[in-house]
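Notes follow once the structure below has been shown.
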Amino acid sequence: MTAAATQASPAPDHVDALVQLSDITVRFAGITALDGVDFDLGVGEVRALLGENGAGKSTLGKVLAGAIRPSSGKVSVAGEELDFTPMTAIRAGVRIISQEMSLYPPLTVAENLVTGGFGHSERIVRWRRARTIAQEHLDRLGLSIDARAKIADLSIAEQQMIEIARALFSGGRIVVLDEPTSALGVAEADRLFDFVSRMCDDGTSFVLITHFLDDVMAHSHTATVLRNGKVAGHRITAETTKESLVQLMVGDSRRRSTTTGAECRLKPVPAGRPYLTITNCGALPRVKDMSLEVHPGEVVGLFGDMGSGSVELAEIAFGIRNHRTGAVFVAGQAVRSAEHSVRHLGSAYIPQDRRDALALGQSAAANVTLAQLHNLVGLRLSKSRETSITNDQIAQLSVKSCRPKTLPGTLSGGNQQKLLFARCLVRAPRLMILVEPTRGMDVGAKDEVARLIRQTADTSGTAILVVSAEPESVLAVADRVYVAQQGRIRAHLHDMSASSSALMSAAHLGETEITA
């Protein structure tokens, strides 16, 4: 089914607005996450909510769900102003379906509907009756799914539909879909949106949070774009273009596109043998067909939004996730496991969540020297040697407010990241894979980490792959940039001047090879 065939019907009349958020402002410890946002949703409408990483989409969704109380502003449902809490949001009919589904795979469809609050106030569940009622509702919704089937046996698209069905059965009339197609193919996504369209005809309203502009153009009535916590614009989908939405998301193309300056100049592809080679790699559901190369002494950026498959590809490159098709080579050797990468290939990996890599209950010294343990007999390192190594790294990387006995949890995000760099650099890796290395940092900390990345590549000859959904973070350090979207490499940017808008356009509008 093509996008043209599934184009959403005209937007409903906003006289029937079901939800109205007026002048919503949210502040966290002096940081303004949302600034005077107006947002409304009509009965039977699909409204897309768009914006770059950190624009405020998730915060707005949490306000609607009652999980975050706004600093100021009003929330109204069906014309009634409500003091939104999680319970009042549920009573108002708000349901959020996140990217990570909440179904119970070993249970049947009917059992999942019951656990979702479907039609049962009785202490004893009469399962035969519950299965009959569940099947009747599935049939009424046009879902040809057996209520007796186990969730684990359904496709991802069918599971998404059951999530929506469960939300409706429990009284939902306002459904927030967070990246619903990130793990779906085109046919499955069309099937899901076909179901959403039928539910809209019955009066259900949807907020579609997504990075996929093709889904927005084909399946939404209207779109709201957030930028830096403010509304950049509202658009009727049928009257706009993907190019216009990208421009709203990135703003002035002349804005600072890296953490250190304006537009940056990307380099040509180096001569010689790559240190990391990924060829036609596939690992469903996220990675479908991705290829890239990283040469010694260069920093290559992999830019991709949530669901693009970029993070999963980084895990494959390090050996902590298996690939089903294609090949991954480091220094000419096939990657077999993370242990193989560390011991024999000289690879280092820093995940997107620093807490997953740091031992927060152990000292800075224990964290920095952790990578040294497998070189020792008996897995012991003298305290004096441990302290000496840590002091050297703290001094070289300018880790502030840190001593060997300091607990990492007391450090800022930027200094925690430097601590992870220190661990990697003790053994002078030949390949570093960094996922969201500057996420959650202020501008000063981002500049310091960007300088450290460049310094490592330039002085040590380390091949570095930086994976990020923030275009500025990629452009701050990269010699070349690959752009990923929906499990494929959509563009390879090199030997050209590039800005944030170039990366966003490549991701959403699509080019295979972009050069000067």
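Lettering and numbering for the structure tokens are positional, with chains as A, B, ... in the shown order, residues counted from 1 in each chain, and ligands counted from 1 in the shown order.
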What's the 8 Å shell around stretch 499-508 of chain A, counting only C-alpha atoms, without same-chain residues fewer than 6 positions away, as a ChimeraX atom specification?
/A:212-214,242-243,246-247,250,253,257-258,262-264,303-304,471-472,475,483-485,490-491
Run DSSP on the backbone and grab whatever in stretch 202-444 of chain A lands in alpha helix (DSSP H); send it over as JSON, numbers by chain.
{"A": [213, 214, 215, 216, 217, 218, 219, 242, 243, 244, 245, 246, 247, 248, 249, 250, 310, 311, 312, 313, 314, 315, 316, 317, 318, 338, 339, 340, 341, 342, 343, 344, 354, 355, 356, 357, 364, 365, 366, 367, 368, 383, 384, 385, 386, 387, 388, 389, 390, 391, 392, 393, 394, 395, 396, 397, 413, 414, 415, 416, 417, 418, 419, 420, 421, 422, 423, 424, 425, 443, 444]}
Might you pull out every residue within 9 Å of A:Gly361, with only C-alpha atoms counted and same-chain residues fewer than 6 positions away left off, and present them as a list in words?
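Surrounding residues, per the criterion: Leu407, Pro408 and Gly409 of chain A.
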Set the distance at 7 Å and use only C-alpha atoms: which residues neighbour A:Asp23 once local chain neighbours fewer than 3 positions away are removed? I'd like the list as a ChimeraX atom specification.
/A:36-38,73-74
Kindly indicate which residue among A:Ser341, A:Leu18, A:Val114, A:Gly42 lies nearest to A:Ala78, using only C-alpha atoms for the distances.
A:Leu18
Long-range neighbours of stretch 91-108 of chain A as JSON, numbers by chain, 7 Å cut-off, only C-alpha atoms, 6 positions minimum in chain:
{"A": [65, 147, 148, 149, 150, 151, 152, 163, 167, 171, 172, 173, 174, 175, 176, 177, 178, 179, 180]}
Could you work out how far atom CA of A:Val43 lies from atom CA of A:Ser71, giving the answer in Å with one decimal?
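Value for the atom CA of A:Ser71-atom CA of A:Val43 distance: 27.0 Å.
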Just want the 8 Å neighbourhood of A:Leu431, counted on only C-alpha atoms, with same-chain residues fewer than 4 positions away dropped. Output as a PyMOL selection string.
chain A and resi 275-276+346-348+462-465
With N, CA and C atoms kept, could you save the residues just selected as a short mmCIF file (atom, residue, chain, number, x, y, z; two decimals), in the first residue's frame?
data_model
loop_
_atom_site.label_atom_id
_atom_site.label_comp_id
_atom_site.auth_asym_id
_atom_site.auth_seq_id
_atom_site.Cartn_x
_atom_site.Cartn_y
_atom_site.Cartn_z
N TYR A 275 39.95 0.71 9.09
CA TYR A 275 40.15 -0.12 10.28
C TYR A 275 38.86 -0.85 10.64
N LEU A 276 37.71 -0.17 10.47
CA LEU A 276 36.39 -0.78 10.68
C LEU A 276 35.65 -0.80 9.36
N GLY A 346 41.51 -4.52 20.12
CA GLY A 346 41.82 -3.21 20.69
C GLY A 346 40.68 -2.23 20.58
N SER A 347 39.44 -2.72 20.68
CA SER A 347 38.27 -1.85 20.57
C SER A 347 37.79 -1.39 21.94
N ALA A 348 37.18 -0.20 21.97
CA ALA A 348 36.57 0.33 23.19
C ALA A 348 35.18 0.85 22.84
N THR A 462 43.66 6.76 16.52
CA THR A 462 42.51 5.89 16.81
C THR A 462 41.40 6.13 15.80
N ALA A 463 40.80 5.07 15.30
CA ALA A 463 39.60 5.17 14.46
C ALA A 463 38.40 5.31 15.38
N ILE A 464 37.58 6.33 15.17
CA ILE A 464 36.48 6.63 16.09
C ILE A 464 35.17 6.72 15.32
N LEU A 465 34.16 5.99 15.81
CA LEU A 465 32.80 6.07 15.28
C LEU A 465 31.94 6.72 16.34
#
May I have the residues within 9 Å of stretch 387-402 of chain A as an mmCIF file with N, CA and C atoms, in the first residue's frame, using only C-alpha atoms and disregarding those fewer than 6 positions away in the same chain?
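New file around-v8.cif:
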data_model
loop_
_atom_site.group_PDB
_atom_site.id
_atom_site.type_symbol
_atom_site.label_atom_id
_atom_site.label_comp_id
_atom_site.auth_asym_id
_atom_site.auth_seq_id
_atom_site.Cartn_x
_atom_site.Cartn_y
_atom_site.Cartn_z
ATOM 1 N N ALA A 364 36.515 6.209 41.561
ATOM 2 C CA ALA A 364 36.979 6.608 40.235
ATOM 3 C C ALA A 364 38.149 5.734 39.806
ATOM 4 N N ALA A 365 39.050 5.436 40.732
ATOM 5 C CA ALA A 365 40.208 4.604 40.413
ATOM 6 C C ALA A 365 39.785 3.211 39.950
ATOM 7 N N ALA A 366 38.812 2.622 40.636
ATOM 8 C CA ALA A 366 38.331 1.292 40.250
ATOM 9 C C ALA A 366 37.706 1.326 38.860
ATOM 10 N N VAL A 368 38.407 3.586 36.371
ATOM 11 C CA VAL A 368 39.412 3.886 35.353
ATOM 12 C C VAL A 368 40.244 2.660 35.016
ATOM 13 N N THR A 369 40.576 1.850 36.013
ATOM 14 C CA THR A 369 41.478 0.711 35.795
ATOM 15 C C THR A 369 40.747 -0.593 35.502
ATOM 16 N N PRO A 408 31.887 8.103 41.177
ATOM 17 C CA PRO A 408 31.456 8.718 39.916
ATOM 18 C C PRO A 408 30.091 9.400 39.988
ATOM 19 N N THR A 410 28.957 11.355 42.057
ATOM 20 C CA THR A 410 29.026 12.731 42.552
ATOM 21 C C THR A 410 29.531 13.703 41.491
ATOM 22 N N LEU A 411 29.941 13.176 40.318
ATOM 23 C CA LEU A 411 30.485 14.022 39.255
ATOM 24 C C LEU A 411 29.390 14.465 38.294
ATOM 25 N N SER A 412 29.648 15.545 37.571
ATOM 26 C CA SER A 412 28.735 16.000 36.526
ATOM 27 C C SER A 412 28.749 15.016 35.366
ATOM 28 N N GLY A 414 29.441 15.545 32.229
ATOM 29 C CA GLY A 414 30.631 15.706 31.410
ATOM 30 C C GLY A 414 31.840 15.030 32.019
ATOM 31 N N ASN A 415 31.997 15.144 33.334
ATOM 32 C CA ASN A 415 33.142 14.521 33.997
ATOM 33 C C ASN A 415 32.983 13.012 34.118
ATOM 34 N N GLN A 416 31.740 12.529 34.212
ATOM 35 C CA GLN A 416 31.517 11.079 34.153
ATOM 36 C C GLN A 416 31.947 10.534 32.783
ATOM 37 N N LYS A 418 34.198 11.840 30.826
ATOM 38 C CA LYS A 418 35.663 11.874 30.786
ATOM 39 C C LYS A 418 36.254 10.673 31.523
ATOM 40 N N LEU A 419 35.594 10.248 32.594
ATOM 41 C CA LEU A 419 36.063 9.086 33.341
ATOM 42 C C LEU A 419 36.012 7.826 32.472
ATOM 43 N N PHE A 421 36.214 7.882 29.186
ATOM 44 C CA PHE A 421 37.307 8.052 28.232
ATOM 45 C C PHE A 421 38.622 7.617 28.864
ATOM 46 N N ALA A 422 38.813 7.995 30.121
ATOM 47 C CA ALA A 422 40.049 7.639 30.820
ATOM 48 C C ALA A 422 40.224 6.128 30.853
ATOM 49 N N ARG A 423 39.147 5.406 31.141
ATOM 50 C CA ARG A 423 39.217 3.938 31.150
ATOM 51 C C ARG A 423 39.645 3.404 29.785
ATOM 52 N N LEU A 425 41.276 5.030 27.363
ATOM 53 C CA LEU A 425 42.573 5.497 26.883
ATOM 54 C C LEU A 425 43.748 4.899 27.638
ATOM 55 N N VAL A 426 43.499 4.275 28.790
ATOM 56 C CA VAL A 426 44.585 3.615 29.523
ATOM 57 C C VAL A 426 45.255 2.570 28.633
ATOM 58 N N LEU A 452 38.230 16.343 23.221
ATOM 59 C CA LEU A 452 38.874 15.094 23.619
ATOM 60 C C LEU A 452 38.771 14.043 22.519
#
